[in-house]
file structure26.cif (mmCIF, C-alpha atoms and all ligand atoms)
data_final
loop_
_atom_site.label_atom_id
_atom_site.label_comp_id
_atom_site.auth_asym_id
_atom_site.auth_seq_id
_atom_site.Cartn_x
_atom_site.Cartn_y
_atom_site.Cartn_z
CA MET A 1 -227.05 -81.03 -22.96
CA ARG A 2 -229.78 -83.40 -24.19
CA THR A 3 -228.96 -87.03 -24.94
CA PRO A 4 -229.34 -87.88 -28.66
CA VAL A 5 -230.39 -91.49 -27.93
CA PRO A 6 -234.23 -91.14 -28.05
CA ASP A 7 -234.14 -89.29 -31.39
CA TYR A 8 -231.71 -91.82 -32.74
CA LEU A 9 -233.96 -94.76 -31.74
CA ARG A 10 -236.99 -93.13 -33.39
CA GLN A 11 -234.95 -92.62 -36.53
CA VAL A 12 -233.88 -96.30 -36.58
CA LEU A 13 -237.54 -97.38 -36.34
CA ARG A 14 -238.54 -95.00 -39.14
CA GLN A 15 -235.79 -96.22 -41.40
CA CYS A 16 -236.48 -99.92 -40.79
CA SER A 17 -240.27 -99.72 -40.97
CA ASP A 18 -240.63 -99.82 -44.75
CA ASN A 19 -239.60 -103.47 -44.65
CA THR A 20 -242.76 -105.61 -44.76
CA ASP A 21 -241.11 -108.98 -45.42
CA GLY A 22 -241.76 -112.06 -43.34
CA ALA A 23 -244.92 -113.65 -41.97
CA LEU A 24 -246.67 -114.11 -38.65
CA ALA A 25 -245.93 -117.36 -36.79
CA ASP A 26 -249.23 -119.05 -37.52
CA TYR A 27 -248.22 -122.51 -36.28
CA ILE A 28 -249.35 -121.07 -32.94
CA PRO A 29 -252.85 -119.97 -34.11
CA GLU A 30 -253.19 -117.15 -31.60
CA LEU A 31 -249.94 -115.53 -32.77
CA ALA A 32 -251.50 -114.98 -36.19
CA ASN A 33 -253.98 -112.57 -34.58
CA VAL A 34 -251.50 -109.87 -33.59
CA ASP A 35 -251.08 -106.53 -35.36
CA PRO A 36 -248.18 -107.14 -37.78
CA GLU A 37 -247.30 -103.44 -37.86
CA ARG A 38 -246.25 -103.22 -34.21
CA PHE A 39 -242.66 -102.04 -33.95
CA ALA A 40 -240.56 -101.11 -30.92
CA VAL A 41 -236.99 -100.85 -29.73
CA ALA A 42 -235.42 -100.36 -26.29
CA LEU A 43 -231.98 -100.05 -24.75
CA CYS A 44 -231.09 -100.45 -21.10
CA MET A 45 -227.71 -99.06 -20.10
CA GLY A 46 -225.46 -100.73 -17.55
CA ASP A 47 -226.64 -98.36 -14.82
CA GLY A 48 -230.33 -99.08 -15.47
CA LYS A 49 -231.22 -96.07 -17.64
CA VAL A 50 -233.82 -97.20 -20.22
CA TYR A 51 -234.45 -95.64 -23.63
CA ALA A 52 -237.39 -96.84 -25.71
CA ALA A 53 -239.19 -95.90 -28.91
CA GLY A 54 -242.24 -97.08 -30.86
CA ASP A 55 -244.78 -99.48 -29.32
CA SER A 56 -242.62 -99.92 -26.27
CA GLU A 57 -245.54 -100.51 -23.88
CA THR A 58 -247.05 -103.28 -26.02
CA GLU A 59 -246.90 -106.69 -24.36
CA PHE A 60 -246.20 -109.84 -26.33
CA THR A 61 -245.26 -113.38 -25.31
CA ASN A 62 -241.58 -114.00 -24.70
CA GLN A 63 -241.58 -117.45 -26.40
CA SER A 64 -238.00 -118.66 -26.97
CA MET A 65 -236.58 -115.53 -25.38
CA SER A 66 -237.41 -117.25 -22.08
CA LYS A 67 -234.84 -119.96 -22.87
CA PRO A 68 -231.60 -118.18 -21.88
CA PHE A 69 -233.14 -117.01 -18.61
CA VAL A 70 -234.52 -120.40 -17.69
CA TYR A 71 -231.11 -121.87 -18.55
CA ALA A 72 -229.62 -119.28 -16.17
CA LEU A 73 -232.03 -120.27 -13.41
CA ALA A 74 -231.28 -123.98 -13.96
CA LEU A 75 -227.53 -123.29 -13.73
CA ARG A 76 -228.09 -121.30 -10.55
CA ASP A 77 -230.27 -124.04 -9.04
CA ARG A 78 -228.29 -127.10 -10.14
CA GLY A 79 -224.72 -126.04 -10.94
CA LEU A 80 -222.84 -126.45 -14.22
CA ALA A 81 -222.11 -130.19 -14.07
CA GLU A 82 -225.71 -131.30 -13.47
CA VAL A 83 -227.01 -129.04 -16.22
CA GLN A 84 -224.31 -130.11 -18.68
CA ALA A 85 -225.25 -133.75 -18.05
CA ARG A 86 -228.71 -133.04 -19.51
CA VAL A 87 -228.16 -130.37 -22.15
CA GLY A 88 -225.10 -129.49 -24.26
CA VAL A 89 -223.63 -126.20 -25.45
CA GLU A 90 -222.99 -126.91 -29.13
CA PRO A 91 -224.79 -125.06 -31.92
CA SER A 92 -227.00 -127.54 -33.75
CA GLY A 93 -227.07 -125.69 -37.06
CA ASP A 94 -230.72 -126.72 -37.16
CA PRO A 95 -233.93 -124.73 -36.73
CA PHE A 96 -235.40 -124.32 -33.23
CA ASN A 97 -237.99 -127.03 -33.82
CA GLU A 98 -235.60 -129.81 -34.77
CA MET A 99 -234.95 -132.28 -32.00
CA SER A 100 -231.14 -132.19 -32.51
CA LEU A 101 -230.11 -134.75 -29.91
CA GLY A 102 -226.50 -135.94 -29.70
CA GLU A 103 -225.54 -139.64 -29.66
CA ASP A 104 -225.89 -139.62 -25.87
CA GLY A 105 -229.48 -138.37 -26.13
CA ARG A 106 -228.60 -134.90 -24.86
CA PRO A 107 -230.13 -131.96 -26.73
CA SER A 108 -227.41 -129.96 -28.49
CA ASN A 109 -228.06 -126.76 -26.55
CA PRO A 110 -230.67 -125.03 -24.35
CA MET A 111 -231.82 -122.57 -27.05
CA ILE A 112 -233.65 -125.13 -29.19
CA ASN A 113 -236.99 -126.52 -28.05
CA SER A 114 -235.73 -129.97 -26.99
CA GLY A 115 -232.95 -128.36 -24.94
CA ALA A 116 -235.33 -125.86 -23.40
CA ILE A 117 -237.70 -128.65 -22.31
CA ALA A 118 -234.77 -130.47 -20.69
CA THR A 119 -233.70 -127.20 -19.01
CA HIS A 120 -237.23 -126.60 -17.75
CA SER A 121 -237.23 -130.01 -16.05
CA LEU A 122 -234.10 -129.09 -14.03
CA ILE A 123 -235.57 -126.01 -12.35
CA GLY A 124 -235.70 -126.16 -8.57
CA GLY A 125 -234.26 -129.67 -8.35
CA PRO A 126 -235.81 -133.16 -8.56
CA GLU A 127 -237.96 -132.63 -5.47
CA VAL A 128 -239.99 -129.83 -7.10
CA PRO A 129 -243.07 -131.37 -8.81
CA VAL A 130 -243.37 -130.58 -12.49
CA GLU A 131 -246.51 -128.48 -11.99
CA ASP A 132 -244.63 -126.17 -9.59
CA LYS A 133 -241.67 -125.44 -11.82
CA PHE A 134 -243.40 -122.78 -13.87
CA GLU A 135 -244.11 -120.55 -10.86
CA LEU A 136 -240.40 -120.66 -9.93
CA ILE A 137 -239.62 -119.69 -13.51
CA ARG A 138 -242.19 -116.89 -13.58
CA ARG A 139 -240.65 -115.44 -10.43
CA GLY A 140 -237.15 -115.79 -11.86
CA LEU A 141 -238.11 -114.07 -15.13
CA SER A 142 -239.77 -111.32 -13.07
CA ALA A 143 -236.55 -110.81 -11.10
CA PHE A 144 -234.63 -110.42 -14.37
CA ALA A 145 -237.22 -107.89 -15.58
CA GLY A 146 -237.55 -106.10 -12.24
CA ARG A 147 -241.36 -106.35 -12.24
CA GLU A 148 -244.05 -109.02 -11.84
CA LEU A 149 -244.68 -110.70 -15.18
CA GLY A 150 -247.93 -112.50 -16.06
CA ILE A 151 -248.97 -114.87 -18.82
CA ASP A 152 -251.08 -114.56 -21.94
CA GLU A 153 -253.73 -117.24 -21.37
CA ALA A 154 -254.99 -117.21 -24.97
CA VAL A 155 -251.52 -117.77 -26.43
CA PHE A 156 -250.86 -120.48 -23.86
CA GLU A 157 -254.09 -122.36 -24.66
CA SER A 158 -253.52 -121.98 -28.36
CA GLU A 159 -249.97 -123.33 -28.28
CA PHE A 160 -250.66 -126.07 -25.74
CA ALA A 161 -253.54 -127.38 -27.86
CA THR A 162 -251.22 -127.69 -30.86
CA SER A 163 -248.00 -128.86 -29.26
CA SER A 164 -247.66 -132.37 -30.68
CA ARG A 165 -244.14 -131.68 -31.85
CA ASN A 166 -242.91 -130.47 -28.46
CA MET A 167 -244.72 -133.46 -26.88
CA ALA A 168 -242.72 -135.74 -29.17
CA PHE A 169 -239.48 -134.06 -27.99
CA ALA A 170 -240.45 -134.52 -24.33
CA HIS A 171 -241.20 -138.21 -24.91
CA MET A 172 -237.85 -138.69 -26.64
CA LEU A 173 -236.04 -136.93 -23.78
CA ARG A 174 -237.76 -139.24 -21.33
CA HIS A 175 -236.86 -142.24 -23.45
CA HIS A 176 -233.17 -141.20 -23.26
CA GLY A 177 -233.35 -140.62 -19.50
CA MET A 178 -232.75 -136.87 -19.85
CA VAL A 179 -235.94 -135.95 -17.97
CA GLU A 180 -237.94 -137.75 -15.28
CA GLN A 181 -241.26 -135.91 -15.46
CA THR A 182 -244.26 -136.71 -17.66
CA ALA A 183 -244.15 -135.32 -21.18
CA LEU A 184 -247.51 -133.65 -20.66
CA GLY A 185 -246.41 -131.92 -17.44
CA LEU A 186 -243.18 -130.72 -19.00
CA VAL A 187 -244.72 -129.39 -22.18
CA ARG A 188 -247.44 -127.67 -20.19
CA GLY A 189 -244.80 -125.94 -18.04
CA TYR A 190 -242.59 -125.12 -21.00
CA THR A 191 -245.56 -123.67 -22.92
CA LEU A 192 -246.52 -121.53 -19.91
CA GLN A 193 -242.91 -120.34 -19.79
CA CYS A 194 -243.19 -119.29 -23.45
CA SER A 195 -246.47 -117.46 -22.76
CA VAL A 196 -245.03 -114.98 -20.25
CA LYS A 197 -245.83 -111.44 -21.39
CA VAL A 198 -243.11 -108.83 -21.77
CA THR A 199 -242.47 -105.46 -23.42
CA VAL A 200 -239.28 -104.44 -25.23
CA ARG A 201 -238.44 -102.45 -22.13
CA ASP A 202 -238.63 -105.63 -20.00
CA LEU A 203 -236.48 -107.51 -22.50
CA ALA A 204 -233.80 -104.79 -22.49
CA VAL A 205 -233.66 -104.86 -18.69
CA MET A 206 -233.56 -108.67 -18.66
CA ALA A 207 -230.75 -108.59 -21.22
CA VAL A 208 -228.67 -106.01 -19.40
CA THR A 209 -229.02 -108.05 -16.21
CA LEU A 210 -227.24 -110.88 -18.00
CA GLY A 211 -224.77 -108.39 -19.48
CA MET A 212 -223.93 -106.92 -16.08
CA GLY A 213 -222.93 -110.21 -14.48
CA GLY A 214 -226.41 -111.29 -13.35
CA ARG A 215 -227.24 -108.17 -11.35
CA ASN A 216 -230.37 -106.23 -12.26
CA PRO A 217 -229.14 -102.61 -12.36
CA ILE A 218 -232.59 -101.20 -11.54
CA THR A 219 -233.55 -103.33 -8.55
CA GLY A 220 -229.97 -104.10 -7.50
CA GLU A 221 -230.88 -107.79 -7.12
CA GLN A 222 -228.17 -110.32 -7.94
CA VAL A 223 -230.50 -112.67 -9.84
CA VAL A 224 -227.86 -115.23 -10.87
CA PRO A 225 -224.11 -115.43 -10.13
CA GLU A 226 -221.65 -113.89 -12.57
CA TRP A 227 -220.34 -117.23 -13.85
CA VAL A 228 -223.90 -118.12 -14.85
CA SER A 229 -224.33 -114.96 -16.92
CA ARG A 230 -221.04 -115.66 -18.71
CA GLN A 231 -222.15 -119.21 -19.50
CA VAL A 232 -225.55 -118.06 -20.76
CA LEU A 233 -224.18 -115.22 -22.93
CA SER A 234 -221.69 -117.63 -24.48
CA VAL A 235 -224.45 -120.04 -25.44
CA MET A 236 -226.59 -117.17 -26.74
CA MET A 237 -223.69 -116.06 -28.91
CA THR A 238 -223.20 -119.46 -30.51
CA CYS A 239 -226.76 -120.85 -30.49
CA GLY A 240 -229.22 -118.00 -29.86
CA MET A 241 -230.14 -117.45 -33.50
CA TYR A 242 -230.36 -121.14 -34.45
CA ASP A 243 -229.32 -121.89 -38.01
CA ALA A 244 -228.67 -118.16 -38.60
CA ALA A 245 -226.00 -118.10 -35.85
CA GLY A 246 -223.04 -117.56 -38.19
CA ASP A 247 -224.74 -114.75 -40.09
CA TRP A 248 -225.66 -113.17 -36.80
CA MET A 249 -222.20 -113.48 -35.27
CA THR A 250 -220.50 -111.92 -38.27
CA GLY A 251 -223.13 -109.33 -39.12
CA VAL A 252 -224.30 -108.22 -35.68
CA GLY A 253 -221.87 -109.71 -33.15
CA ILE A 254 -224.07 -109.34 -30.05
CA PRO A 255 -225.15 -112.37 -27.95
CA ALA A 256 -228.86 -112.54 -28.63
CA LYS A 257 -232.05 -114.59 -28.51
CA SER A 258 -235.10 -114.39 -30.68
CA GLY A 259 -238.67 -115.60 -30.20
CA VAL A 260 -241.37 -116.45 -32.75
CA SER A 261 -243.56 -113.68 -31.32
CA GLY A 262 -241.18 -111.28 -33.10
CA GLY A 263 -238.95 -110.18 -30.24
CA ILE A 264 -235.16 -110.20 -30.19
CA LEU A 265 -233.06 -109.39 -27.17
CA GLY A 266 -229.31 -108.94 -27.02
CA ALA A 267 -226.70 -108.13 -24.39
CA LEU A 268 -223.34 -106.50 -24.85
CA PRO A 269 -221.39 -107.50 -21.72
CA GLY A 270 -220.63 -104.59 -19.43
CA GLN A 271 -222.39 -102.07 -21.63
CA VAL A 272 -225.99 -102.34 -22.73
CA GLY A 273 -229.06 -104.55 -23.12
CA LEU A 274 -231.02 -104.24 -26.37
CA ALA A 275 -234.45 -105.38 -27.53
CA ALA A 276 -236.57 -105.05 -30.64
CA PHE A 277 -240.09 -106.20 -31.44
CA SER A 278 -241.89 -106.61 -34.73
CA PRO A 279 -244.11 -109.67 -35.25
CA LYS A 280 -243.27 -110.77 -38.81
CA ILE A 281 -240.55 -113.43 -38.79
CA ASP A 282 -238.23 -114.95 -41.37
CA ARG A 283 -237.75 -118.66 -42.16
CA HIS A 284 -235.41 -119.05 -39.15
CA GLY A 285 -238.10 -117.71 -36.80
CA ASN A 286 -236.31 -114.37 -36.28
CA SER A 287 -238.14 -111.03 -36.56
CA VAL A 288 -237.36 -109.50 -39.97
CA ARG A 289 -237.42 -105.89 -38.80
CA GLY A 290 -235.88 -106.88 -35.48
CA VAL A 291 -232.84 -108.27 -37.28
CA ARG A 292 -232.58 -105.00 -39.28
CA VAL A 293 -232.74 -102.97 -36.08
CA PHE A 294 -229.96 -105.01 -34.50
CA GLU A 295 -227.81 -104.66 -37.61
CA ARG A 296 -228.29 -100.89 -37.48
CA LEU A 297 -227.60 -100.58 -33.77
CA SER A 298 -224.52 -102.78 -33.95
CA GLY A 299 -223.09 -100.84 -36.89
CA ASP A 300 -224.01 -97.30 -35.82
CA LEU A 301 -223.06 -97.73 -32.16
CA ASN A 302 -220.00 -99.90 -32.75
CA LEU A 303 -221.39 -102.73 -30.62
CA HIS A 304 -219.91 -105.75 -32.43
CA LEU A 305 -218.24 -107.94 -29.83
CA MET A 306 -215.28 -108.53 -32.12
CA GLY A 307 -214.86 -104.84 -32.94
CA ILE A 308 -212.11 -102.93 -31.18
CA GLN A 309 -213.69 -101.25 -28.19
CA GLU A 310 -211.75 -98.00 -28.48
CA ALA A 311 -213.11 -96.39 -25.35
CA ARG A 312 -211.77 -99.27 -23.33
CA VAL A 313 -208.33 -99.38 -24.89
CA ARG A 314 -207.51 -95.69 -24.53
CA LEU A 315 -206.78 -95.42 -20.85
CA LEU A 316 -204.51 -92.41 -20.73
CA LEU A 317 -206.59 -89.24 -20.74
CA SER A 318 -203.66 -86.83 -20.42
CA SER A 319 -200.08 -86.73 -19.32
CA GLY A 320 -198.39 -83.58 -18.06
CA ASP A 321 -196.75 -82.00 -15.08
CA VAL A 322 -198.34 -81.13 -11.78
CA GLU A 323 -196.90 -78.88 -9.07
CA LEU A 324 -196.55 -80.46 -5.65
CA ASP A 325 -195.43 -78.67 -2.46
CA ASP A 326 -191.95 -80.05 -2.88
CA GLY A 327 -191.47 -79.93 -6.61
CA THR A 328 -192.94 -81.10 -9.89
CA ALA A 329 -194.41 -84.52 -10.59
CA HIS A 330 -195.54 -86.36 -13.67
CA HIS A 331 -199.35 -86.40 -13.79
CA LEU A 332 -200.95 -89.41 -15.53
CA ARG A 333 -204.73 -88.95 -15.69
CA LEU A 334 -206.52 -92.22 -16.50
CA GLN A 335 -210.06 -92.73 -17.73
CA GLY A 336 -212.41 -95.64 -18.44
CA ALA A 337 -211.77 -99.16 -17.26
CA LEU A 338 -208.78 -100.82 -15.65
CA TYR A 339 -208.42 -104.35 -16.98
CA PHE A 340 -205.61 -106.49 -18.38
CA GLY A 341 -205.18 -104.64 -21.70
CA SER A 342 -205.42 -101.11 -20.35
CA VAL A 343 -203.17 -101.61 -17.30
CA GLU A 344 -200.54 -103.26 -19.47
CA GLN A 345 -200.43 -100.04 -21.51
CA LEU A 346 -200.23 -97.96 -18.37
CA PHE A 347 -197.04 -99.73 -17.34
CA ARG A 348 -195.43 -98.76 -20.60
CA ASP A 349 -196.45 -95.14 -19.99
CA LEU A 350 -194.95 -95.35 -16.51
CA ASP A 351 -191.74 -96.79 -17.90
CA GLU A 352 -191.21 -93.59 -19.87
CA VAL A 353 -191.05 -91.53 -16.68
CA PRO A 354 -187.35 -91.03 -15.82
CA GLU A 355 -186.01 -92.75 -12.70
CA GLY A 356 -186.02 -90.53 -9.64
CA GLU A 357 -189.06 -88.49 -10.66
CA ALA A 358 -192.39 -88.39 -8.85
CA VAL A 359 -195.50 -89.72 -10.58
CA VAL A 360 -199.11 -88.97 -9.77
CA VAL A 361 -201.44 -91.73 -11.05
CA ASP A 362 -204.86 -90.15 -11.05
CA LEU A 363 -207.89 -92.50 -11.08
CA THR A 364 -210.52 -89.76 -10.76
CA LYS A 365 -212.04 -90.62 -14.15
CA VAL A 366 -211.68 -94.39 -13.90
CA THR A 367 -215.16 -95.92 -13.83
CA TYR A 368 -214.51 -99.62 -13.51
CA VAL A 369 -211.74 -101.88 -12.29
CA ASN A 370 -211.87 -105.61 -12.83
CA PRO A 371 -210.00 -107.97 -10.48
CA VAL A 372 -207.14 -108.56 -12.92
CA GLY A 373 -206.68 -104.83 -13.55
CA ARG A 374 -206.70 -104.17 -9.83
CA ARG A 375 -204.14 -106.85 -9.02
CA MET A 376 -201.84 -105.81 -11.86
CA LEU A 377 -201.99 -102.16 -10.91
CA LEU A 378 -201.33 -102.77 -7.23
CA ASP A 379 -198.53 -105.29 -7.80
CA GLY A 380 -196.97 -103.13 -10.47
CA MET A 381 -197.13 -99.97 -8.43
CA ARG A 382 -195.66 -101.74 -5.46
CA GLY A 383 -192.76 -102.76 -7.66
CA LEU A 384 -192.29 -99.28 -9.07
CA GLY A 385 -192.51 -97.71 -5.62
CA GLU A 386 -189.68 -99.95 -4.48
CA GLY A 387 -187.49 -98.42 -7.19
CA SER A 388 -186.36 -94.86 -7.13
CA ARG A 389 -189.63 -93.34 -8.37
CA ARG A 390 -192.02 -91.75 -5.97
CA LEU A 391 -195.63 -92.74 -6.61
CA ILE A 392 -198.77 -90.94 -5.54
CA LEU A 393 -202.13 -92.57 -6.17
CA VAL A 394 -205.20 -90.35 -6.42
CA ASP A 395 -208.42 -92.33 -6.01
CA PRO A 396 -211.12 -90.03 -4.62
CA ASP A 397 -214.01 -92.43 -5.37
CA GLY A 398 -212.20 -95.48 -4.07
CA VAL A 399 -212.48 -97.46 -7.31
CA LEU A 400 -209.52 -99.53 -6.18
CA SER A 401 -211.11 -100.42 -2.85
CA ASP A 402 -211.86 -104.07 -2.66
CA PRO A 403 -215.38 -104.87 -1.48
CA THR A 404 -215.58 -108.02 -3.58
CA GLY A 405 -212.57 -109.58 -1.88
CA SER A 406 -210.37 -110.27 -4.88
CA GLY A 407 -207.58 -111.16 -2.46
CA VAL A 408 -205.45 -108.07 -3.05
CA ASP A 409 -203.66 -106.58 -0.06
CA MET A 410 -205.26 -103.15 0.17
CA SER A 411 -202.72 -101.78 2.65
CA VAL A 412 -200.54 -100.89 -0.31
CA VAL A 413 -203.19 -98.44 -1.51
CA SER A 414 -203.14 -96.43 1.67
CA GLU A 415 -199.35 -96.63 1.80
CA LEU A 416 -199.19 -95.25 -1.67
CA SER A 417 -201.75 -92.56 -0.98
CA GLU A 418 -199.80 -91.46 2.05
CA ALA A 419 -196.53 -91.31 0.13
N1 LIG A 501 -243.12 -121.71 -27.88
C1 LIG A 501 -242.43 -121.79 -29.14
C2 LIG A 501 -242.25 -123.26 -29.53
O1 LIG A 501 -242.04 -124.07 -28.68
C3 LIG A 501 -241.12 -121.11 -29.04
C4 LIG A 501 -240.34 -121.11 -30.34
C5 LIG A 501 -239.55 -119.87 -30.59
O2 LIG A 501 -239.86 -118.79 -30.09
N2 LIG A 501 -238.56 -119.96 -31.45
O3 LIG A 501 -242.32 -123.58 -30.71
#

call {"tool": "encode", "arguments": {"input": "structure26.cif", "output": "structure tokens", "more": "lines below"}}
Ligand code: GLN
result
Amino acid sequence: MRTPVPDYLRQVLRQCSDNTDGALADYIPELANVDPERFAVALCMGDGKVYAAGDSETEFTNQSMSKPFVYALALRDRGLAEVQARVGVEPSGDPFNEMSLGEDGRPSNPMINSGAIATHSLIGGPEVPVEDKFELIRRGLSAFAGRELGIDEAVFESEFATSSRNMAFAHMLRHHGMVEQTALGLVRGYTLQCSVKVTVRDLAVMAVTLGMGGRNPITGEQVVPEWVSRQVLSVMMTCGMYDAAGDWMTGVGIPAKSGVSGGILGALPGQVGLAAFSPKIDRHGNSVRGVRVFERLSGDLNLHLMGIQEARVRLLLSSGDVELDDGTAHHLRLQGALYFGSVEQLFRDLDEVPEGEAVVVDLTKVTYVNPVGRRMLLDGMRGLGEGSRRLILVDPDGVLSDPTGSGVDMSVVSELSEA
């Protein structure tokens, strides 16, 4: 059987390409020189499989799409408290190029320029000189992408030569004691960060790395800890699309970040990383066609974060009888993920099995177990086993085994399997 995904992605591009609204971001002169017709889309699945269509090998500068990743690196390097002391997590409701400082002088969030400059200054710690921060960032972005990323010199020079507004932000941050470095050094580093070249494929991999708890599924590298990815995705959800955040949340419902080069990346936790590229942007600085593509993908593929994720909720694949050597047992075949909601349902299914009967709980088709699902299942089964039911656990792939050390006593699993 052939996967329908590539054909589907080509169809989405075809159907969105008649939209010619928007304009190139000419406040960075070099960005006005790109081909406005470029159009690409990519998905990276949780296991690292990439699908792409259109101009998917075209490189463009990542601009503000660097911000969530640099925020992630700052959190990794400095911890939550130190980062929170310098940059907030509240949506500003303003465009990306408003300063939006709170009364304490802290930028509202790391997705607007002032917040991103403050985030940049945190990288590596106070002992790292400002001119060395960019190389740490370039390496970090490369780890997210799973390949060495370079910069677009022409875009860098063009933006740096016209960055009076960002210079003003850096001076204000220094005035408020939010950064220690020189404004010039910071804006230079921040502009280099924005000039890193990526493809939609890179962006989809970078996004899925955030969506899979900070682990790049292609290289296997744990780039940032899981708590960092959760923090970053939360801020992307509320602040990633600037003053279009509410429209985006309701209409698309995927944590995302746009850049004025025309890229948008998004991550659906535990499932997929998405990216689109088309250079013409709307008044918020978001790619016009890119927004359309995300609307389509979210709707067609049921990706809205607030939508009911049916595949996750339906845990019971089938229920029937199975013959054992010494009689008949109830056979509960489970599929999908074990987490709070699905295991809670399982207990109600188990409750329906009459006292005194044997039950086979079959995890062969379970693909993922989170720590809460694991603990609930083990505790619950221990309780049931102590009653008059006989329980047999079938777990051929060891999905319940506990390499991450969630603190669950695994002896119960072997006891149950031996039963
Ligand atoms: N480098 C751009 C700037 O600082 C990034 C803005 C964006 O992509 N929204 O203005």

call {"tool": "closest_residue", "arguments": {"input": "structure26.cif", "among": "A:Leu75, A:Met45, A:Leu350, A:Val155", "to": "ligand LIG 501 (chain A)", "atoms": "only C-alpha atoms and all ligand atoms"}}
result
A:Val155

call {"tool": "closest_residue", "arguments": {"input": "structure26.cif", "among": "A:Leu332, A:Ala32, A:Ala170, A:Val359", "to": "Ser158 of chain A", "atoms": "all atoms listed in the file"}}
result
A:Ala32

call {"tool": "closest_residue", "arguments": {"input": "structure26.cif", "among": "A:Leu346, A:Ile151, A:Val70, A:Val293", "to": "Val224 of chain A", "atoms": "all atoms listed in the file"}}
result
A:Val70

call {"tool": "residues_near_ligand", "arguments": {"input": "structure26.cif", "ligand": "ligand LIG 501 (chain A)", "cutoff": "10 Å", "atoms": "all atoms listed in the file", "output": "PyMOL selection string"}}
result
chain A and resi 25+27-28+61-67+95-97+111-114+116-117+155-156+159-160+162-163+165-167+187+190-195+240-242+257-264+284-286

call {"tool": "atom_distance", "arguments": {"input": "structure26.cif", "atom1": "atom CA of Pro269 of chain A", "atom2": "atom CA of Asp362 of chain A"}}
result
26.2 Å

call {"tool": "atom_distance", "arguments": {"input": "structure26.cif", "atom1": "atom CA of Leu391 of chain A", "atom2": "atom CA of Val361 of chain A"}}
result
7.4 Å

call {"tool": "atom_distance", "arguments": {"input": "structure26.cif", "atom1": "atom CA of Gln345 of chain A", "atom2": "atom CA of Val372 of chain A"}}
result
13.8 Å

call {"tool": "closest_residue", "arguments": {"input": "structure26.cif", "among": "A:Ala256, A:Ser342, A:Glu221, A:Phe39", "to": "Phe294 of chain A", "atoms": "all atoms listed in the file"}}
result
A:Ala256

call {"tool": "closest_residue", "arguments": {"input": "structure26.cif", "among": "A:Glu103, A:Met206, A:Pro217, A:Cys16", "to": "Glu295 of chain A", "atoms": "all atoms listed in the file"}}
result
A:Cys16

call {"tool": "residues_around", "arguments": {"input": "structure26.cif", "residues": "Gly124 of chain A", "least_positions_apart": "4", "cutoff": "7 Å", "atoms": "all atoms listed in the file", "output": "PyMOL selection string"}}
result
chain A and resi 77+128+133

call {"tool": "residues_around", "arguments": {"input": "structure26.cif", "residues": "Gly373 of chain A", "least_positions_apart": "2", "cutoff": "12 Å", "atoms": "all atoms listed in the file", "output": "number ranges by chain"}}
result
A: 315, 336-347, 366, 368-371, 375-381, 399-400, 406, 408

call {"tool": "closest_residue", "arguments": {"input": "structure26.cif", "among": "A:Arg390, A:Glu30, A:Gly327, A:Thr367", "to": "Ala161 of chain A", "atoms": "all atoms listed in the file"}}
result
A:Glu30

call {"tool": "residues_around", "arguments": {"input": "structure26.cif", "residues": "Ser319 of chain A", "least_positions_apart": "5", "cutoff": "8 Å", "atoms": "all atoms listed in the file", "output": "PDB file with C-alpha atoms, in the frame of the given file"}}
result
ATOM      1  CA  HIS A 330    -195.540 -86.360 -13.670  1.00  0.00           C
ATOM      2  CA  HIS A 331    -199.350 -86.400 -13.790  1.00  0.00           C
ATOM      3  CA  LEU A 332    -200.950 -89.410 -15.530  1.00  0.00           C
ATOM      4  CA  ARG A 333    -204.730 -88.950 -15.690  1.00  0.00           C
TER       5      ARG A 333
END

call {"tool": "residues_near_point", "arguments": {"input": "structure26.cif", "point": "(-247.2, -109.2, -36.5)", "cutoff": "9 Å", "atoms": "only C-alpha atoms", "output": "ChimeraX atom specification"}}
result
/A:23-25,31-39,261-262,278-281

call {"tool": "residues_near_point", "arguments": {"input": "structure26.cif", "point": "(-234.6, -98.7, -38.8)", "cutoff": "9 Å", "atoms": "only C-alpha atoms", "output": "count of residues only"}}
result
17
